[in-house]
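Asker: What follows is target_12.csv, CSV, C-alpha atoms and all ligand atoms.
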chain,number,residue,atom,x,y,z
A,2,MET,CA,-23.9,18.1,3.4
A,3,GLU,CA,-20.8,20.0,2.2
A,4,GLU,CA,-18.8,18.9,-0.9
A,5,ILE,CA,-15.1,19.7,-1.2
A,6,THR,CA,-12.6,19.0,-4.0
A,7,VAL,CA,-9.2,17.9,-2.8
A,8,LEU,CA,-5.8,17.8,-4.6
A,9,GLY,CA,-3.7,14.9,-3.3
A,10,ILE,CA,0.1,14.8,-3.8
A,11,GLU,CA,2.2,11.7,-3.2
A,12,SER,CA,6.0,11.2,-3.7
A,13,SER,CA,7.2,9.1,-0.7
A,14,CYS,CA,8.7,6.2,-2.7
A,15,ASP,CA,9.1,5.8,-6.5
A,16,ASP,CA,5.7,7.1,-7.8
A,17,THR,CA,5.1,10.7,-8.5
A,18,ALA,CA,1.3,11.0,-8.1
A,19,ALA,CA,-1.4,13.7,-8.0
A,20,ALA,CA,-5.2,13.3,-8.0
A,21,LEU,CA,-8.4,15.3,-7.6
A,22,VAL,CA,-11.1,13.8,-5.5
A,23,ARG,CA,-14.5,15.2,-4.6
A,24,VAL,CA,-15.6,14.3,-1.1
A,25,ARG,CA,-19.0,14.7,0.6
A,26,ILE,CA,-18.7,15.8,4.2
A,27,GLY,CA,-21.6,15.3,6.6
A,28,SER,CA,-22.0,15.8,10.4
A,29,GLY,CA,-20.4,12.4,11.0
A,30,GLY,CA,-17.3,13.0,8.9
A,31,ALA,CA,-16.3,12.2,5.3
A,32,ARG,CA,-18.8,10.0,3.4
A,33,GLY,CA,-17.5,7.5,1.0
A,34,PRO,CA,-17.3,6.5,-1.7
A,35,GLY,CA,-15.4,9.6,-3.0
A,36,GLU,CA,-15.5,10.6,-6.6
A,37,ILE,CA,-12.1,10.4,-8.2
A,38,LEU,CA,-12.0,13.2,-10.8
A,39,SER,CA,-8.5,12.4,-11.9
A,40,SER,CA,-5.5,10.3,-10.8
A,41,VAL,CA,-2.1,10.6,-12.4
A,42,VAL,CA,0.8,8.3,-11.5
A,43,ILE,CA,4.2,8.8,-13.1
A,44,GLY,CA,6.2,5.7,-12.3
A,45,GLN,CA,10.0,5.5,-12.0
A,46,GLU,CA,10.5,1.8,-12.7
A,47,GLY,CA,12.8,2.5,-15.7
A,48,LEU,CA,15.1,4.6,-13.5
A,49,HIS,CA,15.6,2.0,-10.8
A,50,ALA,CA,15.3,-1.2,-12.8
A,51,GLY,CA,19.1,-1.7,-13.1
A,52,PHE,CA,19.5,-1.5,-9.3
A,53,GLY,CA,16.8,-4.0,-8.2
A,54,GLY,CA,15.4,-1.5,-5.7
A,55,VAL,CA,14.6,2.2,-5.3
A,56,VAL,CA,17.7,4.5,-5.2
A,57,PRO,CA,16.7,7.4,-2.9
A,58,GLU,CA,18.8,10.1,-4.6
A,59,ILE,CA,17.5,9.2,-8.1
A,60,ALA,CA,13.9,9.0,-6.8
A,61,ALA,CA,14.1,12.5,-5.1
A,62,ARG,CA,15.5,14.1,-8.3
A,63,ALA,CA,12.8,12.5,-10.5
A,64,HIS,CA,10.1,13.7,-8.0
A,65,ALA,CA,11.4,17.2,-8.0
A,66,GLU,CA,11.4,17.2,-11.9
A,67,ARG,CA,8.0,15.7,-12.3
A,68,LEU,CA,5.7,16.8,-9.4
A,69,ASP,CA,4.5,19.9,-11.3
A,70,LEU,CA,3.8,17.8,-14.4
A,71,ALA,CA,1.7,15.3,-12.3
A,72,VAL,CA,-0.3,18.2,-10.7
A,73,GLU,CA,-0.9,19.9,-14.1
A,74,ALA,CA,-2.0,16.6,-15.7
A,75,ALA,CA,-4.3,15.8,-12.8
A,76,LEU,CA,-6.0,19.3,-13.0
A,77,ALA,CA,-6.3,18.9,-16.8
A,78,GLU,CA,-7.8,15.4,-16.6
A,79,ALA,CA,-10.3,16.7,-14.0
A,80,GLY,CA,-11.1,19.7,-16.3
A,81,CYS,CA,-10.5,22.2,-13.5
A,82,GLY,CA,-7.9,24.8,-12.4
A,83,LEU,CA,-6.7,25.5,-9.0
A,84,GLY,CA,-9.7,27.7,-8.5
A,85,GLY,CA,-11.8,24.6,-8.3
A,86,VAL,CA,-9.7,23.1,-5.5
A,87,ASP,CA,-10.7,23.6,-1.8
A,88,LEU,CA,-8.0,21.7,0.0
A,89,VAL,CA,-4.5,20.3,-0.7
A,90,GLY,CA,-3.2,17.1,1.0
A,91,VAL,CA,0.4,15.9,0.7
A,92,THR,CA,2.2,12.9,2.0
A,93,ALA,CA,4.5,14.1,4.8
A,94,GLY,CA,5.9,10.7,5.6
A,95,PRO,CA,6.9,7.9,6.3
A,96,GLY,CA,9.1,7.3,3.3
A,97,LEU,CA,12.3,8.3,1.5
A,98,ILE,CA,12.9,11.8,2.9
A,99,GLY,CA,14.2,13.4,-0.3
A,100,GLY,CA,10.9,12.5,-2.1
A,101,VAL,CA,8.8,13.5,0.8
A,102,LEU,CA,10.5,16.9,1.0
A,103,SER,CA,10.0,17.4,-2.8
A,104,GLY,CA,6.3,16.7,-2.4
A,105,VAL,CA,5.9,18.9,0.7
A,106,MET,CA,7.7,21.8,-1.0
A,107,CYS,CA,5.6,21.5,-4.1
A,108,ALA,CA,2.3,21.3,-2.1
A,109,LYS,CA,3.4,24.3,0.1
A,110,GLY,CA,4.0,26.4,-3.0
A,111,ILE,CA,0.7,25.5,-4.5
A,112,ALA,CA,-1.3,26.1,-1.3
A,113,PHE,CA,0.5,29.4,-0.6
A,114,GLY,CA,0.1,30.7,-4.2
A,115,ALA,CA,-3.6,29.7,-4.4
A,116,GLY,CA,-4.5,30.6,-0.8
A,117,LEU,CA,-5.6,27.1,0.0
A,118,PRO,CA,-5.4,25.1,3.3
A,119,LEU,CA,-2.8,22.3,3.3
A,120,ILE,CA,-2.8,19.1,5.4
A,121,GLY,CA,0.2,16.8,5.8
A,122,VAL,CA,-0.9,13.2,5.5
A,123,ASN,CA,0.6,10.0,6.8
A,124,HIS,CA,1.2,7.7,3.8
A,125,LEU,CA,0.0,4.7,5.7
A,126,GLU,CA,-3.2,6.5,6.6
A,127,GLY,CA,-3.7,7.0,2.9
A,128,HIS,CA,-3.5,3.2,2.3
A,129,ALA,CA,-5.5,2.5,5.5
A,130,LEU,CA,-8.5,4.7,4.5
A,131,THR,CA,-8.6,3.7,0.8
A,132,PRO,CA,-11.5,1.2,1.4
A,133,ARG,CA,-13.6,4.1,2.6
A,134,LEU,CA,-12.8,6.1,-0.5
A,135,THR,CA,-13.5,3.2,-2.9
A,136,ASP,CA,-16.3,1.2,-1.0
A,137,GLY,CA,-17.6,3.8,1.5
A,138,ILE,CA,-17.2,1.3,4.3
A,139,GLY,CA,-17.8,2.4,7.9
A,140,ALA,CA,-15.5,1.7,10.9
A,141,PRO,CA,-14.5,-0.4,12.6
A,142,TYR,CA,-12.7,-2.7,10.2
A,143,LEU,CA,-9.6,-4.8,10.2
A,144,LEU,CA,-7.0,-3.7,7.8
A,145,LEU,CA,-4.1,-5.7,6.4
A,146,LEU,CA,-1.6,-3.3,5.0
A,147,VAL,CA,1.0,-5.0,2.9
A,148,SER,CA,3.4,-3.0,0.7
A,149,GLY,CA,7.1,-2.7,-0.2
A,150,GLY,CA,7.9,-1.1,3.2
A,151,HIS,CA,5.1,-2.2,5.5
A,152,CYS,CA,3.2,-5.3,6.8
A,153,GLN,CA,0.7,-4.6,9.5
A,154,LEU,CA,-2.6,-5.8,10.8
A,155,ILE,CA,-4.4,-2.7,12.0
A,156,GLU,CA,-7.7,-2.3,13.6
A,157,VAL,CA,-9.3,0.9,12.2
A,158,ALA,CA,-11.5,1.7,15.2
A,159,ALA,CA,-12.8,4.9,13.7
A,160,PRO,CA,-11.6,7.1,10.8
A,161,CYS,CA,-8.0,8.2,11.8
A,162,ARG,CA,-8.0,6.1,15.0
A,163,TYR,CA,-5.8,3.0,14.7
A,164,LYS,CA,-4.7,0.1,16.9
A,165,ARG,CA,-1.8,-2.0,15.6
A,166,LEU,CA,-2.4,-5.7,16.3
A,167,GLY,CA,0.7,-7.2,14.7
A,168,GLY,CA,2.8,-7.4,11.6
A,169,SER,CA,6.1,-8.4,10.2
A,170,ILE,CA,9.0,-8.4,12.7
A,171,ASP,CA,11.5,-8.0,9.8
A,172,ASP,CA,11.0,-7.6,6.1
A,173,ALA,CA,7.8,-6.4,4.4
A,174,PRO,CA,6.4,-8.9,1.9
A,175,GLY,CA,6.8,-6.5,-1.0
A,176,GLU,CA,10.5,-6.2,-0.2
A,177,ALA,CA,10.7,-10.0,-0.2
A,178,PHE,CA,8.9,-10.2,-3.6
A,179,ASP,CA,11.4,-7.5,-5.0
A,180,LYS,CA,14.5,-9.3,-3.6
A,181,ILE,CA,13.4,-12.7,-4.9
A,182,ALA,CA,12.7,-11.2,-8.3
A,183,LYS,CA,16.2,-9.7,-8.4
A,184,LEU,CA,17.7,-13.0,-7.3
A,185,LEU,CA,16.0,-14.8,-10.1
A,186,GLY,CA,16.8,-12.2,-12.8
A,187,LEU,CA,13.3,-10.8,-13.0
A,188,GLY,CA,12.5,-7.1,-13.4
A,189,TYR,CA,11.6,-4.4,-10.9
A,190,PRO,CA,9.1,-4.0,-9.2
A,191,GLY,CA,9.3,-7.7,-8.4
A,192,GLY,CA,5.7,-8.4,-7.2
A,193,PRO,CA,4.0,-8.5,-10.5
A,194,GLU,CA,6.9,-10.4,-12.1
A,195,VAL,CA,6.9,-13.1,-9.5
A,196,GLU,CA,3.1,-13.4,-9.7
A,197,ARG,CA,3.3,-13.9,-13.4
A,198,GLU,CA,6.0,-16.5,-13.2
A,199,ALA,CA,4.1,-18.3,-10.4
A,200,LEU,CA,1.1,-18.8,-12.7
A,201,SER,CA,3.0,-21.6,-14.6
A,202,GLY,CA,4.9,-22.9,-11.5
A,203,ASP,CA,4.3,-25.8,-9.1
A,204,GLU,CA,3.8,-24.4,-5.6
A,205,THR,CA,4.3,-27.8,-4.0
A,206,ARG,CA,7.9,-28.4,-5.4
A,207,PHE,CA,9.7,-26.5,-2.6
A,208,ALA,CA,8.5,-26.7,1.0
A,209,PHE,CA,9.4,-23.2,2.1
A,210,PRO,CA,8.9,-22.2,5.7
A,211,ARG,CA,5.9,-20.2,6.9
A,212,PRO,CA,7.7,-18.4,9.8
A,213,LEU,CA,5.8,-17.8,13.0
A,214,ILE,CA,2.6,-19.4,11.5
A,215,GLU,CA,2.1,-21.7,14.5
A,216,ARG,CA,2.8,-19.0,17.1
A,217,THR,CA,-0.1,-17.3,18.8
A,218,GLY,CA,-0.4,-13.6,18.1
A,219,PHE,CA,-0.4,-11.7,14.8
A,220,ASP,CA,3.3,-11.3,14.1
A,221,MET,CA,4.9,-12.6,10.9
A,222,SER,CA,8.4,-12.9,9.5
A,223,PHE,CA,9.5,-12.9,5.9
A,224,SER,CA,13.3,-12.8,6.1
A,225,GLY,CA,13.7,-16.5,6.8
A,226,LEU,CA,11.5,-17.3,3.8
A,227,LYS,CA,13.6,-15.1,1.6
A,228,THR,CA,16.8,-16.9,2.7
A,229,ALA,CA,15.1,-20.3,2.1
A,230,VAL,CA,14.4,-19.3,-1.5
A,231,LEU,CA,18.0,-18.1,-1.9
A,232,ARG,CA,19.3,-21.4,-0.6
A,233,ALA,CA,17.0,-23.4,-2.9
A,234,ARG,CA,18.3,-21.4,-5.9
A,235,ASP,CA,21.9,-21.9,-4.8
A,236,ASP,CA,21.4,-25.7,-4.5
A,237,LEU,CA,19.9,-25.8,-8.0
A,238,VAL,CA,22.9,-23.8,-9.4
A,239,ALA,CA,25.4,-26.0,-7.5
A,240,VAL,CA,23.9,-29.2,-9.0
A,241,ALA,CA,23.0,-28.1,-12.6
A,242,GLY,CA,25.1,-25.0,-13.1
A,243,GLY,CA,22.1,-22.8,-13.4
A,244,ILE,CA,18.3,-22.7,-13.2
A,245,THR,CA,15.8,-23.6,-15.9
A,246,VAL,CA,12.6,-21.6,-16.8
A,247,ALA,CA,10.6,-24.3,-15.0
A,248,ASP,CA,12.8,-24.1,-11.8
A,249,ARG,CA,12.3,-20.3,-11.7
A,250,ALA,CA,8.5,-20.7,-12.1
A,251,ASP,CA,8.4,-23.3,-9.3
A,252,LEU,CA,10.6,-21.2,-7.0
A,253,CYS,CA,8.2,-18.2,-7.5
A,254,ALA,CA,5.1,-20.3,-7.0
A,255,SER,CA,6.4,-22.0,-3.9
A,256,PHE,CA,7.5,-18.6,-2.4
A,257,GLN,CA,4.2,-16.9,-3.3
A,258,ALA,CA,2.3,-19.8,-1.7
A,259,ALA,CA,4.3,-19.5,1.6
A,260,ALA,CA,3.7,-15.7,1.7
A,261,ARG,CA,0.0,-16.2,0.9
A,262,ASP,CA,-0.5,-18.8,3.6
A,263,LEU,CA,1.3,-16.8,6.2
A,264,LEU,CA,-0.7,-13.6,5.5
A,265,ALA,CA,-4.0,-15.5,5.3
A,266,ALA,CA,-3.4,-17.4,8.6
A,267,LYS,CA,-2.5,-14.3,10.6
A,268,THR,CA,-5.3,-12.2,9.2
A,269,ARG,CA,-7.7,-15.0,9.9
A,270,ALA,CA,-6.5,-15.2,13.5
A,271,ALA,CA,-7.0,-11.5,13.9
A,272,MET,CA,-10.5,-11.8,12.5
A,273,VAL,CA,-11.4,-14.6,14.9
A,274,ASN,CA,-9.9,-12.6,17.8
A,275,LEU,CA,-11.9,-9.4,17.0
A,276,ALA,CA,-15.1,-11.3,16.5
A,277,SER,CA,-14.8,-13.4,19.7
A,278,GLY,CA,-13.7,-10.4,21.8
A,279,GLY,CA,-16.8,-8.5,20.6
A,280,ALA,CA,-14.6,-5.6,19.2
A,281,HIS,CA,-16.3,-6.2,15.8
A,282,PRO,CA,-19.9,-7.3,16.4
A,283,VAL,CA,-21.9,-9.0,13.6
A,284,GLY,CA,-22.6,-6.4,11.0
A,285,ALA,CA,-19.3,-4.6,11.5
A,286,ARG,CA,-17.1,-7.5,10.6
A,287,ARG,CA,-15.1,-6.2,7.7
A,288,LEU,CA,-11.7,-7.0,6.4
A,289,ALA,CA,-10.0,-4.6,4.1
A,290,VAL,CA,-6.7,-4.9,2.3
A,291,ALA,CA,-4.4,-2.2,1.1
A,292,GLY,CA,-0.9,-1.6,-0.2
A,293,GLY,CA,1.0,-2.8,-3.3
A,294,VAL,CA,1.1,-6.5,-2.3
A,295,ALA,CA,-2.7,-6.5,-2.0
A,296,ALA,CA,-2.6,-6.3,-5.9
A,297,ASN,CA,-1.5,-10.0,-5.9
A,298,ARG,CA,-4.4,-12.1,-7.0
A,299,ALA,CA,-3.3,-15.3,-5.1
A,300,ILE,CA,-3.0,-13.4,-1.9
A,301,ARG,CA,-6.3,-11.5,-2.4
A,302,GLY,CA,-8.0,-14.8,-3.1
A,303,ALA,CA,-6.8,-16.4,0.1
A,304,LEU,CA,-7.8,-13.4,2.2
A,305,GLU,CA,-11.2,-13.3,0.6
A,306,ALA,CA,-11.7,-17.0,1.4
A,307,ALA,CA,-10.5,-16.5,5.0
A,308,ALA,CA,-13.0,-13.6,5.4
A,309,ALA,CA,-15.8,-15.7,4.0
A,310,GLU,CA,-15.0,-18.5,6.5
A,311,THR,CA,-15.0,-16.2,9.5
A,312,GLY,CA,-18.1,-14.2,8.5
A,313,PHE,CA,-16.3,-11.0,7.5
A,314,SER,CA,-17.1,-9.0,4.4
A,315,PHE,CA,-14.0,-8.4,2.1
A,316,HIS,CA,-12.9,-5.1,0.6
A,317,ALA,CA,-10.0,-4.8,-1.7
A,318,PRO,CA,-9.5,-1.6,-3.7
A,319,PRO,CA,-9.0,-1.8,-7.5
A,320,LEU,CA,-5.4,-2.7,-8.4
A,321,ALA,CA,-4.5,0.9,-9.3
A,322,LEU,CA,-5.6,2.1,-5.9
A,323,CYS,CA,-3.6,-0.6,-4.0
A,324,THR,CA,-0.3,0.8,-5.1
A,325,ASP,CA,0.8,4.4,-4.4
A,326,ASN,CA,-1.4,7.1,-5.8
A,327,GLY,CA,-2.6,10.6,-5.1
A,328,ALA,CA,-6.3,9.8,-4.6
A,329,MET,CA,-5.7,8.1,-1.3
A,330,ILE,CA,-3.8,11.1,0.0
A,331,ALA,CA,-6.6,13.5,-1.1
A,332,TRP,CA,-9.1,11.2,0.7
A,333,ALA,CA,-7.1,11.0,3.9
A,334,ALA,CA,-6.7,14.8,3.9
A,335,ALA,CA,-10.5,15.1,3.5
A,336,GLU,CA,-11.1,12.7,6.4
A,337,ARG,CA,-8.9,14.9,8.6
A,338,TRP,CA,-10.6,18.1,7.4
A,339,ALA,CA,-14.0,16.5,8.2
A,340,LEU,CA,-12.7,15.9,11.8
A,341,GLY,CA,-11.9,19.5,12.2
A,342,GLU,CA,-8.2,19.6,11.3
A,343,ARG,CA,-7.2,22.8,9.4
A,344,GLY,CA,-3.6,22.2,8.7
A,345,GLY,CA,-0.6,24.1,10.1
A,346,GLU,CA,3.1,23.4,10.1
A,347,ILE,CA,4.2,20.3,8.2
A,348,THR,CA,7.1,18.2,9.3
A,349,ALA,CA,8.5,15.8,6.8
A,350,ARG,CA,9.2,12.5,8.6
A,351,PRO,CA,11.1,9.5,7.3
A,352,ARG,CA,9.4,7.4,10.1
A,353,TRP,CA,5.9,7.9,11.3
A,354,PRO,CA,4.0,4.9,12.8
A,355,LEU,CA,0.2,5.0,12.6
A,356,ASP,CA,-0.5,4.3,16.3
B,401,LIG,O1,2.2,0.4,-1.8
B,401,LIG,P1,3.3,0.3,-2.8
B,401,LIG,O2,3.0,0.9,-4.2
B,401,LIG,O3,4.5,1.2,-2.3
B,401,LIG,C1,4.9,1.2,-0.9
B,401,LIG,O4,4.4,2.0,-0.1
B,401,LIG,O5,5.7,0.3,-0.6
B,401,LIG,O6,3.8,-1.2,-2.8
B,401,LIG,C2,4.9,-1.5,-3.7
B,401,LIG,C3,5.2,-3.0,-3.4
B,401,LIG,C4,6.5,-3.5,-4.2
B,401,LIG,O7,7.3,-4.1,-3.3
B,401,LIG,C5,5.9,-4.4,-5.2
B,401,LIG,O8,6.8,-5.4,-5.6
B,401,LIG,C6,4.7,-4.9,-4.5
B,401,LIG,O9,4.2,-3.8,-3.8
B,401,LIG,N1,3.7,-5.4,-5.5
B,401,LIG,C7,3.3,-6.7,-5.5
B,401,LIG,C8,2.4,-6.8,-6.6
B,401,LIG,N2,2.2,-5.6,-7.2
B,401,LIG,C9,3.0,-4.8,-6.5
B,401,LIG,N3,3.6,-7.8,-4.8
B,401,LIG,C10,3.1,-9.0,-5.1
B,401,LIG,N4,2.2,-9.2,-6.1
B,401,LIG,C11,1.9,-8.1,-6.9
B,401,LIG,N5,1.0,-8.3,-7.9
B,402,ZN,ZN,2.5,2.7,-0.2
Take the structure in the file and give it back as structure tokens.

Answerer:
Amino acid sequence: MEEITVLGIESSCDDTAAALVRVRIGSGGARGPGEILSSVVIGQEGLHAGFGGVVPEIAARAHAERLDLAVEAALAEAGCGLGGVDLVGVTAGPGLIGGVLSGVMCAKGIAFGAGLPLIGVNHLEGHALTPRLTDGIGAPYLLLLVSGGHCQLIEVAAPCRYKRLGGSIDDAPGEAFDKIAKLLGLGYPGGPEVEREALSGDETRFAFPRPLIERTGFDMSFSGLKTAVLRARDDLVAVAGGITVADRADLCASFQAAARDLLAAKTRAAMVNLASGGAHPVGARRLAVAGGVAANRAIRGALEAAAAETGFSFHAPPLALCTDNGAMIAWAAAERWALGERGGEITARPRWPLD
């Protein structure tokens, strides 16, 4: 059993992140759980708050200014220098290209200067493999990846082998959370704000649609839901001239309930399908969630209940590893290293589907 220490670098959206992870590598590949020696995330919420979304140009500049600081802090927190690192992994896409390029250039400089191998990682793969880093689960497993830019149900057949089963045909749920927060005068990122408001709201007050919930297959839609929330708010404003604190909480609760129901119903359908087709035999029935929206407690709870009902075990990373971080990039690089990949040219890609 070999042990390697991996530096992971992430800068594809609005978090500048670096981490050191120690990974055991056996004959069958990387063995989880990995040991996270350090994980530093420098957020940019303050820089984008006034815009209600990430401004690519501002994000890229901030990454370029802070990537070295994040790496330095990660090394210091782990108590090692670059001499203690065996491999560098960096997000090479998909994402905002200015940020991705900043990360790739930083990683190339470090790898070249320190004489280390460098692997370009797909950001989605980082999220997809996080349950192996945190829980050490084996494959196959069903993964629901829900973030600000993505919403996919993926079958992880083996490490680094994916089959997309379905997902959102329009907006990602995180994007819907962010837009609704903006609409209701809440802060950015919107997910945690809407979740907090929803705690005191009545989820039955507005009957928002659950688009495509009745249709067979695993596709979902969130743009109609977003429009319905907008209309409900406009109706309240037209009648009363504004919305009250209670109105806002009820809108958030009703929206979150619709998103929760839709995600849980489609994930449940995918579990039933994989179990009945024999793709996931008893003992290998595992549901994992990843991505920023997986930090939402109401959504996690509904998914956990659906898993229990269908005989699947449930794996949700700790909240800090649901949102973007460097540890998941380090782990994904180690998985690829364990499969024999040794790096090479890196192409920064704004789009890069998993399968
Ligand atoms: O995975 P992530 O950090 O970045 C992307 O790759 O997109 O996800 C960020 C997204 C944002 O849209 C944010 O509003 C959402 O995840 N999010 C949440 C929660 N925490 C973060 N959505 C709902 N509830 C939350 N608690
Ligand atoms: Zn992400």

Asker: Could the residues that lie within 8 Å of ligand LIG 401 (chain B), counting all atoms listed in the file, be listed as a ChimeraX atom specification?

Answerer: /A:13-16,96,124-125,128,147-151,174-179,189-196,291-298,300,323-326

Asker: What gap, in Å, lies between atom CA of A:Ile330 and atom CA of A:Ile111?

Answerer: 15.7 Å

Asker: Taking 5 positions as the minimum chain separation for residues in the same chain, which residues sit within 10 Å of A:Arg301 when counting all atoms listed in the file? Answer as a PDB file with C-alpha atoms, in the coordinates of the input.

Answerer:
ATOM      1  CA  ARG A 261       0.000 -16.200   0.900  1.00  0.00           C
ATOM      2  CA  LEU A 264      -0.700 -13.600   5.500  1.00  0.00           C
ATOM      3  CA  ALA A 265      -4.000 -15.500   5.300  1.00  0.00           C
ATOM      4  CA  VAL A 290      -6.700  -4.900   2.300  1.00  0.00           C
ATOM      5  CA  VAL A 294       1.100  -6.500  -2.300  1.00  0.00           C
ATOM      6  CA  ALA A 295      -2.700  -6.500  -2.000  1.00  0.00           C
ATOM      7  CA  ALA A 296      -2.600  -6.300  -5.900  1.00  0.00           C
ATOM      8  CA  ALA A 306     -11.700 -17.000   1.400  1.00  0.00           C
ATOM      9  CA  ALA A 307     -10.500 -16.500   5.000  1.00  0.00           C
ATOM     10  CA  PHE A 315     -14.000  -8.400   2.100  1.00  0.00           C
ATOM     11  CA  HIS A 316     -12.900  -5.100   0.600  1.00  0.00           C
ATOM     12  CA  ALA A 317     -10.000  -4.800  -1.700  1.00  0.00           C
TER      13      ALA A 317
END

Asker: For A:Ala258, which residue out of A:Ala61, A:Leu288, A:Ala77, A:Leu226 is the nearest one, using only C-alpha atoms?

Answerer: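 For A:Ala258, the nearest of the candidates is A:Leu226.
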
Asker: Identify the residues around (-7.8, 12.2, 4.9) within a radius of 8 Å, measuring from all atoms listed in the file in the coordinates stated by the file, and give them as a list in words.

Answerer: Gly90, Val122, Glu126, Gly127, Leu130, Cys161, Met329, Ile330, Ala331, Trp332, Ala333, Ala334, Ala335, Glu336, Arg337 and Trp338 of chain A

Asker: Within 8 Å of (16.1, -3.7, -8.3), in the coordinates the file gives, what residues turn up when you count only C-alpha atoms, written out as a PyMOL selection string?

Answerer: chain A and resi 49-55+179-180+183+188-191

Asker: Quick one: distance from atom CA of A:Gly327 to atom CA of A:Lys164 in Å, one decimal?

Answerer: 24.5 Å

Asker: How many Å separate atom CA of A:Thr228 from atom CA of A:Leu304?

Answerer: 24.9 Å

Asker: In terms of the shortest atom-to-atom distance over only C-alpha atoms, which of A:Leu184, A:Ile26, A:Ala270, A:Val91 is closest to A:Glu11?

Answerer: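 Among the listed residues, A:Val91 lies closest to A:Glu11.
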
Asker: Report as a ChimeraX atom specification all protein, DNA and RNA residues lying within 10 Å of A:Leu200, evaluated on only C-alpha atoms, omitting residues in the same chain fewer than 2 positions from it.

Answerer: /A:195-198,202-204,250-251,253-254,299

Asker: Pick out the closest residue to ligand ZN 402 (chain B) from this set: A:Ala158, A:Ala199, A:Ala208, A:Leu146. Count only C-alpha atoms and all ligand atoms.

Answerer: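 Distance minimum relative to ligand ZN 402 (chain B) lands on A:Leu146.
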
Asker: So, counting all atoms listed in the file, which residue among A:Val41, A:Pro118, A:Ala173, A:Ala285 is closest to ligand ZN 402 (chain B)?

Answerer: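 The closest residue to ligand ZN 402 (chain B) is A:Ala173.
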
Asker: Of the candidates A:Val89, A:Gly94, A:Met272, A:Tyr163, which shows the shortest atom-to-atom distance to ligand ZN 402 (chain B), using all atoms listed in the file?

Answerer: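 Nearest to ligand ZN 402 (chain B): A:Gly94.
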
Asker: Looking at all atoms listed in the file, which of A:Leu275, A:Ala129, A:Val7, A:Cys107 is the one that sits closest to ligand ZN 402 (chain B)?

Answerer: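 Comparing A:Leu275, A:Ala129, A:Val7, A:Cys107 against ligand ZN 402 (chain B), the winner is A:Ala129.
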
Asker: Tell me which protein, DNA and RNA residues are within 8 Å of A:Arg133, counting only C-alpha atoms, leaving out same-chain ones fewer than 4 positions away, and put them as JSON, numbers by chain.

Answerer: {"A": [32, 33, 34, 137, 138, 139]}

Asker: Just want the 9 Å neighbourhood of stretch 67-72 of chain A, counted on only C-alpha atoms, with same-chain residues fewer than 4 positions away dropped. Output as a PyMOL selection string.

Answerer: chain A and resi 8-12+17-20+40-43+62-63+76-77+103-104+107
